Amino acid sequence: MHLEVKGISGATLRFVLTANEYRTAAADSAWRLVAVTDALGTRPAITELTGAEVVAGSRPMTYQYCPTAGE
């Protein structure tokens, strides 16, 4: 199993993925994400998600501008 762990300060299961994490979630059947909500609070909760679940629930939210040489 290949684990990615996300600590989330609040109780809502929402987190940011890197492009590499997203690609790996989509391609690696052994990949799992373990999210710990309320990680710094008094009642942390653990949720385990498969790569397919993460991909299905993900939405693009940022873009990066990378100018090419000569522009």
# chains A, B, ... in the order shown; residues from 1 in each chain; ligands from 1
>>> residues_around(residues="stretch 19-22 of chain A", least_positions_apart="4", cutoff="9 Å", atoms="only C-alpha atoms", output="list of chain:residue names")
A:Glu4, A:Ala26, A:Ala27, A:Gly51, A:Val54, A:Val55, A:Ser58
>>> select_by_dssp(residues="chain A", states="alpha helix (DSSP H)", output="list in words")
Ala19, Asn20, Glu21, Tyr22, Arg23, Thr24, Ala25, Ala26, Ala27, Gly51, Ala52, Glu53, Val54, Val55, Ala56 and Gly57 of chain A
>>> select_by_dssp(residues="chain A", states="strand (DSSP E or B)", output="list in words")
His2, Leu3, Glu4, Val5, Lys6, Gly7, Trp31, Arg32, Leu33, Val34, Ala35, Val36, Thr37, Ala45, Ile46, Thr47, Glu48, Leu49 and Thr50 of chain A
>>> residues_around(residues="A:Gly10", least_positions_apart="2", cutoff="7 Å", atoms="only C-alpha atoms", output="list in words")
Ile8, Thr12, Thr37 and Asp38 of chain A
>>> closest_residue(among="A:Leu49, A:Ala39, A:Val34, A:Met61", to="A:Ala11", atoms="only C-alpha atoms")
A:Ala39
>>> closest_residue(among="A:Pro67, A:Ser9, A:Leu3, A:Thr18", to="A:Gly41", atoms="only C-alpha atoms")
A:Ser9
>>> atom_distance(atom1="atom CA of A:Leu13", atom2="atom CA of A:Ala35")
7.5 Å
>>> closest_residue(among="A:Leu40, A:Ala25, A:Cys66, A:Ala56", to="A:Met1", atoms="only C-alpha atoms")
A:Ala25
>>> atom_distance(atom1="atom CA of A:Leu17", atom2="atom CA of A:Ala30")
17.3 Å
>>> atom_distance(atom1="atom CA of A:Ala52", atom2="atom CA of A:Val36")
18.7 Å
>>> closest_residue(among="A:Tyr63, A:Ala45, A:Val16, A:His2", to="A:Arg32", atoms="only C-alpha atoms")
A:His2
